[in-house]
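Raw contents of target_10.cif, mmCIF, C-alpha atoms:
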data_protein
#
loop_
_atom_site.label_atom_id
_atom_site.label_comp_id
_atom_site.auth_asym_id
_atom_site.auth_seq_id
_atom_site.Cartn_x
_atom_site.Cartn_y
_atom_site.Cartn_z
CA MET A 180 55.03 -54.99 5.48
CA VAL A 181 52.77 -57.85 6.55
CA LEU A 182 53.42 -59.57 9.88
CA GLY A 183 52.49 -63.17 10.41
CA ALA A 184 51.76 -64.99 13.64
CA GLY A 185 55.38 -66.05 14.08
CA ALA A 186 57.04 -62.79 13.10
CA PRO A 187 60.34 -62.08 14.87
CA ALA A 188 60.32 -59.54 17.67
CA ARG A 189 62.61 -57.26 15.64
CA ASP A 190 60.05 -57.09 12.83
CA VAL A 191 57.27 -56.33 15.30
CA VAL A 192 59.26 -53.47 16.80
CA LEU A 193 60.17 -52.16 13.37
CA PHE A 194 56.54 -52.32 12.25
CA ALA A 195 55.43 -50.47 15.39
CA LEU A 196 58.03 -47.74 14.86
CA LEU A 197 57.00 -47.32 11.22
CA ALA A 198 53.35 -47.15 12.24
CA LEU A 199 54.11 -44.45 14.81
CA PHE A 200 56.12 -42.54 12.22
CA CYS A 201 53.23 -42.68 9.74
CA ILE A 202 50.78 -41.51 12.40
CA ALA A 203 53.04 -38.61 13.36
CA LEU A 204 53.45 -37.71 9.69
CA PHE A 205 49.81 -37.85 8.61
CA ALA A 206 48.04 -36.83 11.84
CA PRO A 207 48.61 -33.05 11.34
CA MET A 208 47.30 -33.22 7.77
CA VAL A 209 44.24 -35.20 8.82
CA TRP A 210 43.59 -32.76 11.68
CA VAL A 211 43.89 -29.74 9.38
CA SER A 212 41.64 -31.38 6.78
CA TYR A 213 38.72 -32.20 9.06
CA SER A 214 39.12 -28.96 11.02
CA SER A 215 38.57 -27.03 7.80
CA PHE A 216 34.93 -28.17 7.88
CA LYS A 217 34.42 -26.63 11.34
CA THR A 218 33.59 -23.06 12.23
CA ASP A 219 35.92 -20.92 14.33
CA ALA A 220 33.64 -21.38 17.34
CA GLU A 221 33.80 -25.19 16.99
CA ILE A 222 37.59 -25.11 16.63
CA PHE A 223 38.04 -23.07 19.83
CA ALA A 224 35.47 -25.15 21.71
CA GLY A 225 37.02 -28.50 20.80
CA PRO A 226 40.20 -28.43 18.71
CA TRP A 227 40.38 -32.24 18.45
CA ALA A 228 36.66 -32.94 18.18
CA PRO A 229 35.28 -34.00 14.80
CA PRO A 230 33.10 -31.48 12.94
CA THR A 231 29.39 -31.53 13.70
CA GLY A 232 28.59 -30.70 10.09
CA LEU A 233 30.20 -30.03 6.72
CA SER A 234 30.65 -26.26 6.58
CA LEU A 235 32.04 -25.24 3.17
CA SER A 236 31.90 -21.51 3.81
CA GLY A 237 35.58 -21.39 4.68
CA PHE A 238 36.57 -22.95 1.36
CA VAL A 239 34.48 -20.47 -0.61
CA ARG A 240 35.77 -17.46 1.32
CA GLY A 241 39.35 -18.74 1.23
CA TRP A 242 39.22 -19.36 -2.52
CA MET A 243 37.89 -15.87 -3.20
CA ASP A 244 39.95 -13.87 -0.69
CA ALA A 245 43.21 -15.64 -1.52
CA ARG A 246 42.58 -15.52 -5.28
CA MET A 247 43.34 -19.20 -5.18
CA GLY A 248 42.63 -19.78 -8.86
CA ARG A 249 45.17 -17.18 -9.97
CA THR A 250 47.88 -18.11 -7.50
CA LEU A 251 47.41 -21.82 -8.19
CA LEU A 252 47.79 -21.21 -11.94
CA ASN A 253 50.93 -19.14 -11.32
CA THR A 254 52.41 -21.88 -9.15
CA LEU A 255 51.60 -24.63 -11.65
CA ILE A 256 53.19 -22.65 -14.50
CA ILE A 257 56.35 -21.87 -12.54
CA VAL A 258 56.77 -25.34 -11.05
CA GLY A 259 55.73 -27.10 -14.28
CA VAL A 260 58.20 -25.19 -16.46
CA SER A 261 60.96 -25.70 -13.88
CA VAL A 262 60.32 -29.46 -13.68
CA VAL A 263 60.14 -29.95 -17.45
CA VAL A 264 63.31 -27.95 -18.16
CA THR A 265 65.10 -29.68 -15.29
CA LEU A 266 64.31 -33.08 -16.81
CA LEU A 267 65.24 -31.98 -20.35
CA LEU A 268 68.66 -30.85 -19.14
CA SER A 269 69.40 -33.31 -16.34
CA VAL A 270 68.58 -36.51 -18.27
CA PRO A 271 71.23 -36.08 -21.03
CA ALA A 272 73.70 -34.48 -18.60
CA SER A 273 73.41 -37.32 -16.09
CA TYR A 274 73.70 -39.89 -18.88
CA ALA A 275 76.88 -38.22 -20.11
CA HIS A 276 78.41 -38.26 -16.63
CA ALA A 277 77.39 -41.89 -16.07
CA ARG A 278 78.35 -43.44 -19.42
CA MET A 279 80.70 -41.19 -21.37
CA ARG A 280 84.37 -40.89 -20.55
CA PHE A 281 86.00 -37.59 -21.48
CA LYS A 282 88.73 -35.39 -20.10
CA GLY A 283 87.54 -33.43 -17.09
CA ASN A 284 84.45 -35.55 -16.51
CA SER A 285 85.06 -35.97 -12.79
CA LEU A 286 86.00 -32.31 -12.32
CA LEU A 287 82.91 -31.15 -14.18
CA PHE A 288 80.70 -33.41 -12.05
CA LEU A 289 82.24 -31.98 -8.88
CA ILE A 290 81.49 -28.48 -10.15
CA VAL A 291 77.89 -29.54 -10.71
CA LEU A 292 77.70 -30.91 -7.17
CA THR A 293 78.86 -27.61 -5.73
CA GLY A 294 75.48 -26.26 -6.79
CA MET A 295 73.93 -28.43 -4.07
CA MET A 296 76.21 -26.90 -1.45
CA VAL A 297 75.56 -23.21 -2.14
CA PRO A 298 72.79 -21.82 0.11
CA ALA A 299 70.06 -20.13 -1.89
CA GLN A 300 70.03 -17.25 0.61
CA SER A 301 73.59 -16.28 -0.34
CA THR A 302 72.53 -15.59 -3.94
CA ILE A 303 69.62 -13.25 -3.18
CA ILE A 304 71.51 -9.93 -3.41
CA PRO A 305 73.38 -10.64 -6.68
CA LEU A 306 70.24 -12.14 -8.23
CA TYR A 307 68.12 -9.15 -7.23
CA THR A 308 70.72 -6.76 -8.69
CA LEU A 309 70.93 -8.76 -11.90
CA PHE A 310 67.16 -9.05 -12.35
CA TYR A 311 66.74 -5.34 -11.65
CA ARG A 312 69.15 -4.51 -14.48
CA TRP A 313 67.44 -6.96 -16.81
CA LYS A 314 63.99 -5.69 -15.75
CA TRP A 315 62.99 -9.21 -14.78
CA LEU A 316 61.59 -8.33 -11.36
CA ASP A 317 57.96 -9.37 -10.86
CA THR A 318 58.14 -11.78 -13.82
CA PHE A 319 58.10 -15.57 -13.90
CA PRO A 320 61.69 -15.86 -15.29
CA SER A 321 62.96 -14.16 -12.11
CA VAL A 322 61.99 -17.25 -10.09
CA ILE A 323 62.19 -19.95 -12.77
CA SER A 324 65.87 -19.29 -13.52
CA PRO A 325 67.09 -19.63 -9.90
CA TYR A 326 64.75 -22.58 -9.42
CA LEU A 327 66.50 -24.31 -12.33
CA ALA A 328 69.89 -23.55 -10.79
CA MET A 329 68.66 -25.11 -7.54
CA SER A 330 67.10 -28.20 -9.18
CA LEU A 331 69.61 -29.18 -11.86
CA PRO A 332 72.47 -30.32 -9.56
CA SER A 333 70.22 -32.61 -7.53
CA GLY A 334 68.51 -33.90 -10.68
CA ILE A 335 71.83 -34.74 -12.33
CA PHE A 336 73.12 -36.34 -9.14
CA LEU A 337 70.06 -38.57 -8.69
CA LEU A 338 69.68 -39.63 -12.33
CA ARG A 339 73.40 -40.34 -12.70
CA ALA A 340 73.11 -42.91 -9.92
CA TYR A 341 70.16 -44.57 -11.71
CA PHE A 342 71.96 -44.68 -15.07
CA ARG A 343 75.01 -46.31 -13.48
CA THR A 344 72.86 -49.23 -12.21
CA ILE A 345 71.76 -50.24 -15.73
CA PRO A 346 73.90 -52.98 -17.30
CA LYS A 347 76.14 -51.74 -20.08
CA GLU A 348 75.23 -54.81 -22.15
CA LEU A 349 71.86 -53.27 -22.95
CA GLU A 350 73.48 -50.21 -24.45
CA GLU A 351 76.16 -52.18 -26.28
CA SER A 352 73.60 -54.51 -27.86
CA ALA A 353 71.56 -51.58 -29.11
CA ARG A 354 74.64 -49.88 -30.54
CA LEU A 355 75.57 -53.07 -32.40
CA ASP A 356 72.09 -53.11 -33.92
CA GLY A 357 72.70 -49.63 -35.35
CA CYS A 358 70.99 -47.50 -32.73
CA THR A 359 72.56 -44.10 -32.17
CA ARG A 360 73.64 -42.92 -28.74
CA PHE A 361 70.67 -40.57 -28.55
CA GLY A 362 68.38 -43.41 -29.62
CA VAL A 363 69.79 -45.64 -26.90
CA LEU A 364 69.15 -42.92 -24.35
CA MET A 365 65.57 -42.18 -25.36
CA ARG A 366 64.34 -45.64 -26.41
CA ILE A 367 66.09 -47.93 -23.93
CA LEU A 368 67.59 -46.13 -20.96
CA VAL A 369 64.95 -43.49 -20.23
CA PRO A 370 62.15 -46.10 -19.86
CA LEU A 371 64.36 -47.99 -17.43
CA VAL A 372 65.00 -44.96 -15.22
CA GLN A 373 61.35 -44.00 -14.80
CA ALA A 374 61.75 -44.49 -11.05
CA GLY A 375 64.57 -41.95 -11.02
CA ILE A 376 62.62 -39.51 -13.17
CA ALA A 377 59.63 -39.85 -10.85
CA THR A 378 61.90 -39.19 -7.87
CA VAL A 379 63.24 -36.03 -9.49
CA VAL A 380 59.72 -34.86 -10.40
CA ILE A 381 58.44 -35.31 -6.85
CA PHE A 382 61.55 -33.86 -5.20
CA VAL A 383 61.67 -30.77 -7.43
CA SER A 384 57.89 -30.24 -7.36
CA VAL A 385 57.62 -30.36 -3.57
CA THR A 386 60.71 -28.20 -3.06
CA LEU A 387 59.64 -25.47 -5.47
CA PHE A 388 55.98 -25.68 -4.47
CA ASN A 389 56.96 -24.76 -0.90
CA GLU A 390 59.67 -22.21 -1.78
CA LEU A 391 58.92 -18.83 -0.19
CA LEU A 392 61.97 -16.56 -0.03
CA MET A 393 62.63 -15.96 -3.74
CA GLY A 394 58.96 -15.84 -4.59
CA MET A 395 58.36 -13.23 -1.89
CA LEU A 396 61.30 -11.04 -2.99
CA PHE A 397 61.05 -11.32 -6.78
CA LEU A 398 57.26 -11.53 -7.27
CA THR A 399 55.74 -8.38 -5.80
CA SER A 400 52.36 -7.99 -7.48
CA ASP A 401 49.28 -9.97 -6.45
CA ASP A 402 48.78 -11.18 -10.02
CA ASN A 403 52.12 -13.05 -10.00
CA LYS A 404 52.23 -14.44 -6.46
CA THR A 405 52.64 -18.16 -5.85
CA LEU A 406 50.73 -20.21 -3.30
CA ALA A 407 53.52 -20.07 -0.71
CA VAL A 408 53.73 -16.27 -0.95
CA MET A 409 49.96 -15.95 -0.91
CA LEU A 410 49.68 -18.12 2.20
CA TYR A 411 52.27 -16.01 4.01
CA SER A 412 50.39 -12.77 3.34
CA PHE A 413 47.01 -14.44 3.82
CA TYR A 414 47.94 -15.55 7.33
CA GLY A 415 48.71 -11.96 8.35
CA LYS A 416 45.48 -10.68 6.81
CA HIS A 417 43.24 -13.31 8.42
CA PHE A 418 45.11 -13.87 11.67
CA GLY A 419 42.76 -15.50 14.18
CA SER A 420 40.42 -17.08 11.61
CA TYR A 421 41.60 -20.68 11.86
CA GLN A 422 38.82 -21.97 9.64
CA MET A 423 40.06 -19.81 6.77
CA MET A 424 43.64 -20.90 7.38
CA PHE A 425 42.78 -24.60 7.54
CA CYS A 426 40.65 -24.41 4.39
CA THR A 427 43.44 -22.65 2.50
CA LEU A 428 46.03 -25.15 3.71
CA THR A 429 43.82 -28.06 2.66
CA MET A 430 43.43 -26.65 -0.85
CA ILE A 431 47.21 -26.16 -1.09
CA ILE A 432 48.04 -29.67 0.14
CA LEU A 433 45.82 -31.41 -2.42
CA PRO A 434 48.05 -30.73 -5.49
CA LEU A 435 51.09 -32.12 -3.66
CA ILE A 436 49.22 -35.27 -2.71
CA ALA A 437 48.03 -35.64 -6.32
CA VAL A 438 51.62 -35.41 -7.63
CA PHE A 439 52.83 -37.96 -5.11
CA PHE A 440 50.14 -40.54 -5.87
CA ALA A 441 50.61 -40.01 -9.61
CA PHE A 442 54.26 -41.10 -9.40
CA GLN A 443 54.40 -43.31 -6.31
CA ARG A 444 54.23 -46.62 -8.18
CA HIS A 445 57.58 -45.94 -9.82
CA PHE A 446 59.32 -46.13 -6.45
CA ILE A 447 58.48 -49.80 -6.07
CA GLU A 448 59.20 -50.88 -9.63
CA GLY A 449 62.52 -52.52 -10.43
CA LEU A 450 64.75 -50.50 -12.71
CA THR A 451 65.68 -53.38 -15.00
CA ALA A 452 62.99 -55.93 -14.15
CA GLY A 453 62.63 -58.17 -17.18
CA ALA A 454 65.04 -56.13 -19.28
CA ILE A 455 67.63 -58.92 -19.61
CA LYS A 456 67.40 -62.66 -19.37
CA GLU A 457 69.71 -64.68 -17.21
#

Give the structure from the file, written as structure tokens.
Amino acid sequence: MVLGAGAPARDVVLFALLALFCIALFAPMVWVSYSSFKTDAEIFAGPWAPPTGLSLSGFVRGWMDARMGRTLLNTLIIVGVSVVVTLLLSVPASYAHARMRFKGNSLLFLIVLTGMMVPAQSTIIPLYTLFYRWKWLDTFPSVISPYLAMSLPSGIFLLRAYFRTIPKELEESARLDGCTRFGVLMRILVPLVQAGIATVVIFVSVTLFNELLMGMLFLTSDDNKTLAVMLYSFYGKHFGSYQMMFCTLTMIILPLIAVFFAFQRHFIEGLTAGAIKE
């Protein structure tokens, strides 16, 4: 938003509110980031003061003590597999609910939506019992499978809304030219819903990246812990060392910021810009 000299008062107020919201949103991350370069003595002496130097000792100690390399790899594998499988299943499913008409379509979609209404906490006991019988405890499938159950309903719901905004004439023209339904989906519609796919990727990645409860219950060994579980146990082990905590938090935040900036441009692109001529 760019305000000119004669901008209405409403736009000025709106701009000010958005600016305050952005400051409130990013100020904690900025504070944690620059505090990670300070020693514990500097943090206690002046919590809001900028660092007097660039102390990297906290990053080195945090990386080694938290086994950051291992836990980061575990998290990327779990979240990456969950995101990829979610897209592979939600894209055709959402297209079917948006474009195809068959008996029970509405009822089936309502059943899918119920997955968004079931609290994950209510499934812990049956899942733990099931994984114990299958000997899945302390394995990646024990968290990937419930993560997929959590992500698929929201992915189908979001992508269905994007598919419904695309003009049917595009699909009909391709079908008349001999393109199969699967070809229409992959060659025409999927490129037009990149904004929706990016939304699902960011939403699922951030949600699963921060998930703690299932990871803490189902992944018990240090070799299989995720970043969220590691941070929880790391805080108890290094309670009082704020430099270590801030350094670890900074290293955990960076992958999320990278994912967001990698897909942010899709949020401002038009879904069908230039696809059809008036």

What's around Ile431 (chain A) at 10 Å? Count only C-alpha atoms, leave out sequence neighbours fewer than 3 positions away in its own chain, and write the answer as a ChimeraX atom specification.
/A:247,251,388-389,406-407,410,425-428,434-436

Store the residues picked out above in a file with C-alpha atoms, as a PDB file, keeping the file's coordinate frame.
ATOM      1  CA  MET A 247      43.340 -19.200  -5.180  1.00  0.00           C
ATOM      2  CA  LEU A 251      47.410 -21.820  -8.190  1.00  0.00           C
ATOM      3  CA  PHE A 388      55.980 -25.680  -4.470  1.00  0.00           C
ATOM      4  CA  ASN A 389      56.960 -24.760  -0.900  1.00  0.00           C
ATOM      5  CA  LEU A 406      50.730 -20.210  -3.300  1.00  0.00           C
ATOM      6  CA  ALA A 407      53.520 -20.070  -0.710  1.00  0.00           C
ATOM      7  CA  LEU A 410      49.680 -18.120   2.200  1.00  0.00           C
ATOM      8  CA  PHE A 425      42.780 -24.600   7.540  1.00  0.00           C
ATOM      9  CA  CYS A 426      40.650 -24.410   4.390  1.00  0.00           C
ATOM     10  CA  THR A 427      43.440 -22.650   2.500  1.00  0.00           C
ATOM     11  CA  LEU A 428      46.030 -25.150   3.710  1.00  0.00           C
ATOM     12  CA  PRO A 434      48.050 -30.730  -5.490  1.00  0.00           C
ATOM     13  CA  LEU A 435      51.090 -32.120  -3.660  1.00  0.00           C
ATOM     14  CA  ILE A 436      49.220 -35.270  -2.710  1.00  0.00           C
TER      15      ILE A 436
END

As a list in words, please: the residues near region 395-405 of chain A (cut-off 9 Å, only C-alpha atoms, same-chain neighbours under 6 positions excluded).
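Skipping anything fewer than 6 positions along the chain leaves Arg246, Arg249, Thr250, Leu251, Leu252, Asn253, Thr254, Leu255, Ile257, Ile303, Tyr307, Phe310, Trp315, Leu316, Asp317, Thr318, Phe319, Ser321, Val322, Phe388 and Tyr411 of chain A.
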
If you measure from CA of Ser273 (chain A) to CA of Leu331 (chain A), what distance in Å do you get, rounded to one decimal?
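Interatomic distance, CA of Ser273 (chain A) to CA of Leu331 (chain A): 9.9 Å.
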
Please write as a VMD selection string the list of polymer residues whose atoms come within 10 Å of (62.9, -20.5, -12.4), counting all atoms listed in the file and keeping to the coordinates of the file.
chain A and resid 257 to 262 264 to 265 319 to 330 387 393 to 394

Restricting to all atoms listed in the file, whichever of A:Leu392, A:Leu289, A:Ala340, A:Ile367 is closest to Thr302 (chain A) is A:Leu392

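Pairwise distance (CA of Tyr341 (chain A), CA of Thr378 (chain A)) equals 10.6 Å.
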
On this structure, which residues satisfy the PyMOL selection byres ((chain A and resi 211-228) around 12), written as a ChimeraX atom specification?
/A:205-210,229-241,418-433

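CA of Phe336 (chain A) is positioned 9.4 Å from CA of Met295 (chain A).
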
Selection: 9 Å around Glu350 (chain A), all atoms listed in the file, excl. self and same-chain fewer than 3 positions, as a PDB file with C-alpha atoms, in the frame of the given file:
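File around-v5.pdb, as written:
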ATOM      1  CA  ILE A 345      71.760 -50.240 -15.730  1.00  0.00           C
ATOM      2  CA  PRO A 346      73.900 -52.980 -17.300  1.00  0.00           C
ATOM      3  CA  LYS A 347      76.140 -51.740 -20.080  1.00  0.00           C
ATOM      4  CA  ALA A 353      71.560 -51.580 -29.110  1.00  0.00           C
ATOM      5  CA  ARG A 354      74.640 -49.880 -30.540  1.00  0.00           C
ATOM      6  CA  LEU A 355      75.570 -53.070 -32.400  1.00  0.00           C
ATOM      7  CA  ARG A 360      73.640 -42.920 -28.740  1.00  0.00           C
ATOM      8  CA  VAL A 363      69.790 -45.640 -26.900  1.00  0.00           C
ATOM      9  CA  LEU A 364      69.150 -42.920 -24.350  1.00  0.00           C
ATOM     10  CA  ILE A 367      66.090 -47.930 -23.930  1.00  0.00           C
ATOM     11  CA  LEU A 368      67.590 -46.130 -20.960  1.00  0.00           C
TER      12      LEU A 368
END
